[in-house]
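The file model-v5.tsv comes next; it holds TSV, N, CA and C atoms.
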```tsv
chain	number	residue	atom	x	y	z
A	1	MET	N	211.14	166.53	107.63
A	1	MET	CA	210.76	165.92	108.90
A	1	MET	C	209.56	165.00	108.69
A	2	ALA	N	209.64	163.83	109.28
A	2	ALA	CA	208.57	162.85	109.14
A	2	ALA	C	207.36	163.30	109.96
A	3	LEU	N	206.20	162.95	109.45
A	3	LEU	CA	204.95	163.28	110.12
A	3	LEU	C	204.86	162.51	111.45
A	4	TYR	N	205.25	161.23	111.41
A	4	TYR	CA	205.16	160.39	112.58
A	4	TYR	C	206.54	159.94	113.03
A	5	SER	N	206.71	159.80	114.34
A	5	SER	CA	207.97	159.30	114.88
A	5	SER	C	208.12	157.83	114.51
A	6	GLU	N	209.34	157.33	114.63
A	6	GLU	CA	209.58	155.92	114.35
A	6	GLU	C	208.79	155.04	115.31
A	7	LYS	N	208.63	155.50	116.55
A	7	LYS	CA	207.87	154.71	117.53
A	7	LYS	C	206.41	154.60	117.13
A	8	VAL	N	205.85	155.71	116.64
A	8	VAL	CA	204.46	155.66	116.17
A	8	VAL	C	204.34	154.64	115.04
A	9	MET	N	205.25	154.73	114.09
A	9	MET	CA	205.20	153.81	112.95
A	9	MET	C	205.39	152.37	113.39
A	10	ASP	N	206.27	152.15	114.36
A	10	ASP	CA	206.52	150.80	114.85
A	10	ASP	C	205.26	150.22	115.51
A	11	HIS	N	204.62	151.02	116.37
A	11	HIS	CA	203.41	150.55	117.05
A	11	HIS	C	202.23	150.42	116.09
A	12	PHE	N	202.27	151.20	115.01
A	12	PHE	CA	201.21	151.09	114.00
A	12	PHE	C	201.41	149.81	113.18
A	13	ARG	N	202.65	149.57	112.78
A	13	ARG	CA	202.94	148.40	111.94
A	13	ARG	C	202.93	147.10	112.73
A	14	ASN	N	203.39	147.17	113.99
A	14	ASN	CA	203.48	145.98	114.85
A	14	ASN	C	202.78	146.23	116.17
A	15	PRO	N	201.48	146.42	116.14
A	15	PRO	CA	200.79	146.75	117.40
A	15	PRO	C	200.94	145.65	118.44
A	16	ARG	N	201.16	146.07	119.69
A	16	ARG	CA	201.26	145.15	120.81
A	16	ARG	C	199.88	144.94	121.41
A	17	ASN	N	199.66	143.76	121.94
A	17	ASN	CA	198.45	143.49	122.73
A	17	ASN	C	197.14	143.69	121.96
A	18	ILE	N	197.16	143.36	120.69
A	18	ILE	CA	195.94	143.52	119.91
A	18	ILE	C	195.06	142.30	120.10
A	19	GLY	N	193.76	142.50	120.14
A	19	GLY	CA	192.85	141.38	120.27
A	19	GLY	C	191.81	141.60	121.36
A	20	VAL	N	191.21	140.48	121.77
A	20	VAL	CA	190.11	140.50	122.72
A	20	VAL	C	190.47	139.62	123.90
A	21	ILE	N	190.06	140.01	125.10
A	21	ILE	CA	190.20	139.14	126.27
A	21	ILE	C	188.79	138.62	126.58
A	22	GLU	N	188.62	137.31	126.47
A	22	GLU	CA	187.33	136.72	126.83
A	22	GLU	C	187.14	136.89	128.33
A	23	ASN	N	185.92	137.18	128.75
A	23	ASN	CA	185.62	137.38	130.17
A	23	ASN	C	186.54	138.41	130.81
A	24	ALA	N	186.75	139.51	130.11
A	24	ALA	CA	187.60	140.58	130.64
A	24	ALA	C	186.98	141.13	131.93
A	25	ASP	N	187.85	141.58	132.83
A	25	ASP	CA	187.38	142.17	134.09
A	25	ASP	C	186.85	143.58	133.87
A	26	GLY	N	187.36	144.24	132.85
A	26	GLY	CA	186.90	145.57	132.52
A	26	GLY	C	187.00	145.79	131.03
A	27	ILE	N	185.95	146.41	130.46
A	27	ILE	CA	185.96	146.72	129.02
A	27	ILE	C	185.57	148.19	128.87
A	28	GLY	N	186.35	148.90	128.10
A	28	GLY	CA	186.05	150.30	127.85
A	28	GLY	C	186.05	150.57	126.37
A	29	GLU	N	185.02	151.27	125.91
A	29	GLU	CA	184.95	151.61	124.49
A	29	GLU	C	184.69	153.10	124.35
A	30	VAL	N	185.46	153.72	123.47
A	30	VAL	CA	185.27	155.15	123.20
A	30	VAL	C	185.36	155.36	121.70
A	31	GLY	N	184.75	156.44	121.27
A	31	GLY	CA	184.82	156.77	119.86
A	31	GLY	C	184.86	158.27	119.68
A	32	ASN	N	185.39	158.68	118.56
A	32	ASN	CA	185.41	160.09	118.22
A	32	ASN	C	184.64	160.22	116.92
A	33	ALA	N	183.45	160.78	117.01
A	33	ALA	CA	182.57	160.88	115.84
A	33	ALA	C	183.20	161.69	114.72
A	34	LYS	N	184.00	162.69	115.12
A	34	LYS	CA	184.58	163.59	114.12
A	34	LYS	C	185.56	162.87	113.20
A	35	CYS	N	186.41	162.03	113.78
A	35	CYS	CA	187.42	161.37	112.95
A	35	CYS	C	187.07	159.91	112.67
A	36	GLY	N	186.06	159.38	113.38
A	36	GLY	CA	185.64	158.00	113.13
A	36	GLY	C	186.45	156.94	113.85
A	37	ASP	N	187.40	157.36	114.70
A	37	ASP	CA	188.20	156.37	115.44
A	37	ASP	C	187.36	155.73	116.54
A	38	ILE	N	187.49	154.43	116.67
A	38	ILE	CA	186.83	153.70	117.75
A	38	ILE	C	187.87	152.83	118.43
A	39	MET	N	187.89	152.87	119.75
A	39	MET	CA	188.86	152.10	120.53
A	39	MET	C	188.14	151.29	121.58
A	40	LYS	N	188.55	150.05	121.72
A	40	LYS	CA	187.99	149.19	122.75
A	40	LYS	C	189.15	148.56	123.51
A	41	MET	N	189.12	148.70	124.83
A	41	MET	CA	190.18	148.15	125.69
A	41	MET	C	189.60	147.06	126.58
A	42	TYR	N	190.36	145.99	126.74
A	42	TYR	CA	189.98	144.87	127.60
A	42	TYR	C	191.04	144.71	128.68
A	43	LEU	N	190.60	144.60	129.93
A	43	LEU	CA	191.54	144.44	131.04
A	43	LEU	C	191.30	143.14	131.79
A	44	LYS	N	192.39	142.48	132.14
A	44	LYS	CA	192.35	141.32	133.05
A	44	LYS	C	193.09	141.78	134.30
A	45	ILE	N	192.39	141.75	135.43
A	45	ILE	CA	192.96	142.29	136.67
A	45	ILE	C	192.97	141.22	137.75
A	46	GLU	N	194.13	141.04	138.36
A	46	GLU	CA	194.27	140.11	139.49
A	46	GLU	C	195.04	140.81	140.60
A	47	ASP	N	194.50	140.75	141.80
A	47	ASP	CA	195.15	141.38	142.97
A	47	ASP	C	195.53	142.83	142.69
A	48	ASP	N	194.60	143.56	142.09
A	48	ASP	CA	194.81	144.98	141.79
A	48	ASP	C	195.96	145.25	140.82
A	49	VAL	N	196.31	144.26	140.03
A	49	VAL	CA	197.34	144.45	139.01
A	49	VAL	C	196.75	144.08	137.65
A	50	ILE	N	197.07	144.89	136.65
A	50	ILE	CA	196.60	144.60	135.30
A	50	ILE	C	197.53	143.54	134.71
A	51	VAL	N	197.06	142.30	134.75
A	51	VAL	CA	197.91	141.19	134.30
A	51	VAL	C	197.86	141.03	132.79
A	52	ASP	N	196.78	141.51	132.17
A	52	ASP	CA	196.72	141.46	130.71
A	52	ASP	C	195.83	142.59	130.23
A	53	VAL	N	196.15	143.07	129.05
A	53	VAL	CA	195.36	144.13	128.43
A	53	VAL	C	195.43	143.94	126.93
A	54	LYS	N	194.29	144.05	126.28
A	54	LYS	CA	194.24	143.94	124.83
A	54	LYS	C	193.36	145.06	124.30
A	55	PHE	N	193.51	145.34	123.02
A	55	PHE	CA	192.69	146.39	122.42
A	55	PHE	C	192.28	146.04	121.01
A	56	GLU	N	191.18	146.64	120.60
A	56	GLU	CA	190.74	146.64	119.21
A	56	GLU	C	190.53	148.10	118.85
A	57	THR	N	191.18	148.53	117.81
A	57	THR	CA	191.02	149.93	117.39
A	57	THR	C	190.74	150.00	115.91
A	58	PHE	N	189.72	150.76	115.59
A	58	PHE	CA	189.41	151.07	114.21
A	58	PHE	C	189.76	152.53	114.05
A	59	GLY	N	190.82	152.80	113.30
A	59	GLY	CA	191.21	154.20	113.16
A	59	GLY	C	192.51	154.37	112.42
A	60	CYS	N	193.05	155.56	112.53
A	60	CYS	CA	194.26	155.93	111.81
A	60	CYS	C	195.51	155.38	112.51
A	61	ALA	N	196.65	155.62	111.91
A	61	ALA	CA	197.92	155.16	112.47
A	61	ALA	C	198.11	155.67	113.90
A	62	SER	N	197.79	156.92	114.15
A	62	SER	CA	197.96	157.49	115.49
A	62	SER	C	197.07	156.80	116.51
A	63	ALA	N	195.85	156.47	116.11
A	63	ALA	CA	194.91	155.82	117.02
A	63	ALA	C	195.42	154.42	117.38
A	64	ILE	N	195.87	153.68	116.39
A	64	ILE	CA	196.38	152.33	116.62
A	64	ILE	C	197.65	152.38	117.46
A	65	ALA	N	198.56	153.28	117.11
A	65	ALA	CA	199.81	153.41	117.86
A	65	ALA	C	199.54	153.84	119.31
A	66	SER	N	198.60	154.77	119.50
A	66	SER	CA	198.26	155.23	120.85
A	66	SER	C	197.69	154.09	121.68
A	67	SER	N	196.81	153.29	121.08
A	67	SER	CA	196.23	152.14	121.79
A	67	SER	C	197.32	151.17	122.20
A	68	SER	N	198.18	150.86	121.23
A	68	SER	CA	199.26	149.90	121.46
A	68	SER	C	200.18	150.37	122.58
A	69	MET	N	200.62	151.62	122.50
A	69	MET	CA	201.52	152.17	123.51
A	69	MET	C	200.84	152.23	124.88
A	70	ALA	N	199.57	152.62	124.90
A	70	ALA	CA	198.86	152.73	126.17
A	70	ALA	C	198.80	151.36	126.86
A	71	THR	N	198.57	150.30	126.08
A	71	THR	CA	198.51	148.96	126.69
A	71	THR	C	199.88	148.59	127.26
A	72	GLU	N	200.94	148.95	126.53
A	72	GLU	CA	202.29	148.66	127.02
A	72	GLU	C	202.57	149.38	128.34
A	73	LEU	N	202.07	150.61	128.44
A	73	LEU	CA	202.34	151.43	129.63
A	73	LEU	C	201.61	150.93	130.88
A	74	ILE	N	200.48	150.22	130.70
A	74	ILE	CA	199.74	149.79	131.89
A	74	ILE	C	199.86	148.30	132.18
A	75	LYS	N	200.33	147.53	131.23
A	75	LYS	CA	200.42	146.08	131.43
A	75	LYS	C	201.40	145.76	132.56
A	76	GLY	N	200.91	144.94	133.50
A	76	GLY	CA	201.75	144.55	134.64
A	76	GLY	C	201.79	145.59	135.75
A	77	LYS	N	201.06	146.68	135.56
A	77	LYS	CA	201.08	147.77	136.55
A	77	LYS	C	199.87	147.68	137.48
A	78	PRO	N	200.02	148.25	138.68
A	78	PRO	CA	198.86	148.31	139.58
A	78	PRO	C	197.75	149.17	138.97
A	79	VAL	N	196.52	148.85	139.31
A	79	VAL	CA	195.37	149.60	138.81
A	79	VAL	C	195.52	151.09	139.12
A	80	ALA	N	196.00	151.40	140.32
A	80	ALA	CA	196.15	152.81	140.73
A	80	ALA	C	197.04	153.58	139.74
A	81	GLU	N	198.09	152.91	139.25
A	81	GLU	CA	198.98	153.56	138.29
A	81	GLU	C	198.28	153.75	136.94
A	82	ALA	N	197.52	152.75	136.52
A	82	ALA	CA	196.81	152.83	135.25
A	82	ALA	C	195.79	153.96	135.28
A	83	LEU	N	195.18	154.17	136.44
A	83	LEU	CA	194.20	155.25	136.59
A	83	LEU	C	194.83	156.62	136.35
A	84	GLU	N	196.13	156.72	136.57
A	84	GLU	CA	196.81	158.00	136.43
A	84	GLU	C	197.43	158.21	135.05
A	85	LEU	N	197.29	157.21	134.18
A	85	LEU	CA	197.86	157.35	132.84
A	85	LEU	C	197.19	158.51	132.10
A	86	THR	N	197.99	159.40	131.56
A	86	THR	CA	197.44	160.53	130.83
A	86	THR	C	197.73	160.40	129.34
A	87	ASN	N	196.94	161.10	128.55
A	87	ASN	CA	197.19	161.09	127.10
A	87	ASN	C	198.57	161.68	126.80
A	88	LYS	N	199.01	162.62	127.64
A	88	LYS	CA	200.32	163.23	127.44
A	88	LYS	C	201.43	162.18	127.59
A	89	ALA	N	201.26	161.31	128.58
A	89	ALA	CA	202.25	160.25	128.80
A	89	ALA	C	202.28	159.30	127.60
A	90	VAL	N	201.11	159.00	127.06
A	90	VAL	CA	201.03	158.12	125.88
A	90	VAL	C	201.75	158.78	124.70
A	91	ALA	N	201.44	160.05	124.46
A	91	ALA	CA	202.06	160.77	123.34
A	91	ALA	C	203.57	160.88	123.52
A	92	GLU	N	204.01	161.16	124.75
A	92	GLU	CA	205.45	161.26	125.01
A	92	GLU	C	206.15	159.93	124.78
A	93	ALA	N	205.50	158.85	125.20
A	93	ALA	CA	206.08	157.52	125.02
A	93	ALA	C	206.23	157.19	123.53
A	94	LEU	N	205.39	157.80	122.72
A	94	LEU	CA	205.46	157.60	121.26
A	94	LEU	C	206.41	158.61	120.60
A	95	ASP	N	207.15	159.37	121.41
A	95	ASP	CA	208.02	160.44	120.91
A	95	ASP	C	207.21	161.51	120.19
A	96	GLY	N	206.01	161.74	120.67
A	96	GLY	CA	205.19	162.83	120.15
A	96	GLY	C	204.22	162.42	119.06
A	97	LEU	N	203.14	163.18	118.99
A	97	LEU	CA	202.14	163.02	117.93
A	97	LEU	C	201.92	164.39	117.31
A	98	PRO	N	201.56	164.43	116.04
A	98	PRO	CA	201.22	165.74	115.45
A	98	PRO	C	200.05	166.34	116.25
A	99	ALA	N	200.04	167.66	116.39
A	99	ALA	CA	199.02	168.32	117.22
A	99	ALA	C	197.61	167.90	116.84
A	100	TYR	N	197.34	167.78	115.56
A	100	TYR	CA	195.98	167.44	115.14
A	100	TYR	C	195.66	165.95	115.35
A	101	LYS	N	196.62	165.19	115.87
A	101	LYS	CA	196.39	163.77	116.17
A	101	LYS	C	196.43	163.50	117.68
A	102	MET	N	196.58	164.55	118.48
A	102	MET	CA	196.64	164.36	119.94
A	102	MET	C	195.36	163.72	120.48
A	103	HIS	N	194.23	163.96	119.80
A	103	HIS	CA	192.97	163.37	120.28
A	103	HIS	C	193.04	161.85	120.30
A	104	CYS	N	193.92	161.26	119.50
A	104	CYS	CA	194.06	159.80	119.50
A	104	CYS	C	194.61	159.31	120.84
A	105	SER	N	195.56	160.05	121.40
A	105	SER	CA	196.10	159.67	122.70
A	105	SER	C	195.05	159.90	123.80
A	106	VAL	N	194.19	160.91	123.60
A	106	VAL	CA	193.11	161.15	124.56
A	106	VAL	C	192.13	159.97	124.53
A	107	LEU	N	191.84	159.45	123.35
A	107	LEU	CA	190.97	158.28	123.24
A	107	LEU	C	191.55	157.10	124.00
A	108	ALA	N	192.85	156.89	123.87
A	108	ALA	CA	193.50	155.77	124.56
A	108	ALA	C	193.34	155.93	126.07
A	109	GLU	N	193.58	157.14	126.56
A	109	GLU	CA	193.42	157.41	128.00
A	109	GLU	C	191.98	157.14	128.42
A	110	GLU	N	191.01	157.64	127.64
A	110	GLU	CA	189.59	157.48	127.99
A	110	GLU	C	189.15	156.02	127.93
A	111	ALA	N	189.66	155.27	126.96
A	111	ALA	CA	189.28	153.86	126.84
A	111	ALA	C	189.74	153.08	128.08
A	112	ILE	N	190.95	153.39	128.55
A	112	ILE	CA	191.47	152.74	129.75
A	112	ILE	C	190.66	153.15	130.97
A	113	GLN	N	190.37	154.45	131.09
A	113	GLN	CA	189.56	154.93	132.22
A	113	GLN	C	188.19	154.25	132.22
A	114	ASN	N	187.57	154.13	131.05
A	114	ASN	CA	186.26	153.49	130.94
A	114	ASN	C	186.33	152.01	131.32
A	115	ALA	N	187.40	151.34	130.89
A	115	ALA	CA	187.57	149.93	131.22
A	115	ALA	C	187.74	149.75	132.73
A	116	LEU	N	188.47	150.68	133.36
A	116	LEU	CA	188.66	150.61	134.81
A	116	LEU	C	187.35	150.92	135.55
A	117	GLU	N	186.57	151.86	135.02
A	117	GLU	CA	185.25	152.16	135.59
A	117	GLU	C	184.37	150.93	135.52
A	118	ASP	N	184.41	150.26	134.37
A	118	ASP	CA	183.63	149.04	134.17
A	118	ASP	C	184.04	147.99	135.19
A	119	TYR	N	185.34	147.87	135.40
A	119	TYR	CA	185.87	146.92	136.39
A	119	TYR	C	185.31	147.23	137.78
A	120	TYR	N	185.33	148.52	138.15
A	120	TYR	CA	184.86	148.91	139.48
A	120	TYR	C	183.34	148.72	139.62
A	121	GLN	N	182.61	148.88	138.51
A	121	GLN	CA	181.17	148.64	138.56
A	121	GLN	C	180.89	147.16	138.80
A	122	LYS	N	181.73	146.30	138.19
A	122	LYS	CA	181.57	144.86	138.37
A	122	LYS	C	182.09	144.40	139.73
A	123	HIS	N	183.06	145.13	140.28
A	123	HIS	CA	183.69	144.77	141.56
A	123	HIS	C	183.73	145.98	142.48
A	124	PRO	N	182.57	146.44	142.97
A	124	PRO	CA	182.55	147.66	143.79
A	124	PRO	C	183.41	147.57	145.04
A	125	GLU	N	183.60	146.34	145.52
A	125	GLU	CA	184.42	146.16	146.74
A	125	GLU	C	185.89	146.50	146.51
A	126	LYS	N	186.32	146.57	145.26
A	126	LYS	CA	187.73	146.85	144.94
A	126	LYS	C	188.03	148.34	144.94
A	127	LYS	N	186.99	149.16	144.81
A	127	LYS	CA	187.22	150.61	144.65
A	127	LYS	C	187.75	151.23	145.93
A	128	LYS	N	188.88	151.91	145.78
A	128	LYS	CA	189.46	152.62	146.92
A	128	LYS	C	189.08	154.08	146.79
A	129	GLU	N	188.67	154.65	147.88
A	129	GLU	CA	188.26	156.08	147.83
A	129	GLU	C	189.48	156.98	147.73
```
Give the structure from the file, written as structure tokens.
Amino acid sequence: MALYSEKVMDHFRNPRNIGVIENADGIGEVGNAKCGDIMKMYLKIEDDVIVDVKFETFGCASAIASSSMATELIKGKPVAEALELTNKAVAEALDGLPAYKMHCSVLAEEAIQNALEDYYQKHPEKKKE
């Protein structure tokens, strides 16, 4: 049995949405000191929809694949939907991650949450209670 699913390997080898968004509406950065993974997410938001999302990740195959998949899952979606993205959804979309790599999907979830928090700090009028 392979350690990683084909989807993980595909997103690792051909990551989607990699890069930086200049003047991003929201930027979130998280890191895991234990494994050394660092993830940075950039969001472009128009009319409460994530019109573009990019990431920079320094880390293992799981971290890169999780970042890539997470961006795919929220791109074009309303902010409210992105706020509900869970690490479990990211891992499931990748057809699973090894248990000891689940923290990579948690990083992806946290990076998106942080980027959305950043967006709301910059645009407090957009925050819905």
Under the rule that only C-alpha atoms are counted, which of A:Ala82, A:Cys35, A:Ala65, A:Ala111 is the nearest residue to A:Asp95? A:Ala65
Report as a ChimeraX atom specification all protein, DNA and RNA residues lying within 9 Å of A:Cys60, evaluated on only C-alpha atoms, omitting residues in the same chain fewer than 3 positions from it. /A:12,35-37,57,63-65,104
Ranking A:Ser62, A:Gly96, A:Val106, A:Ala89 by minimum distance to A:Met9 and counting only C-alpha atoms, which one comes first? A:Ser62
Using only N, CA and C atoms, find the one residue out of A:Lys127, A:Phe55, A:Ser105, A:Ala24 that sits nearest to A:Lys88.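 Among A:Lys127, A:Phe55, A:Ser105, A:Ala24, it is A:Ser105 that comes nearest to A:Lys88.
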Distance criterion (only N, CA and C atoms): nearest to A:Leu3 out of A:Lys126, A:Met39, A:Ser67, A:Pro98: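 Closest residue, counting only N, CA and C atoms: A:Pro98.
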Counting all atoms listed in the file, the option among A:Ile18, A:Leu97, A:Ile27, A:Ala108 closest to A:Lys44: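 With all atoms listed in the file as the atom set, the closest residue is A:Ile27.
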Please check which residues have atoms at most 7 Å from (196.5, 149.1, 141.2) in the file's coordinates, counting all atoms listed in the file, and write them as a VMD selection string. chain A and resid 47 to 50 77 to 82
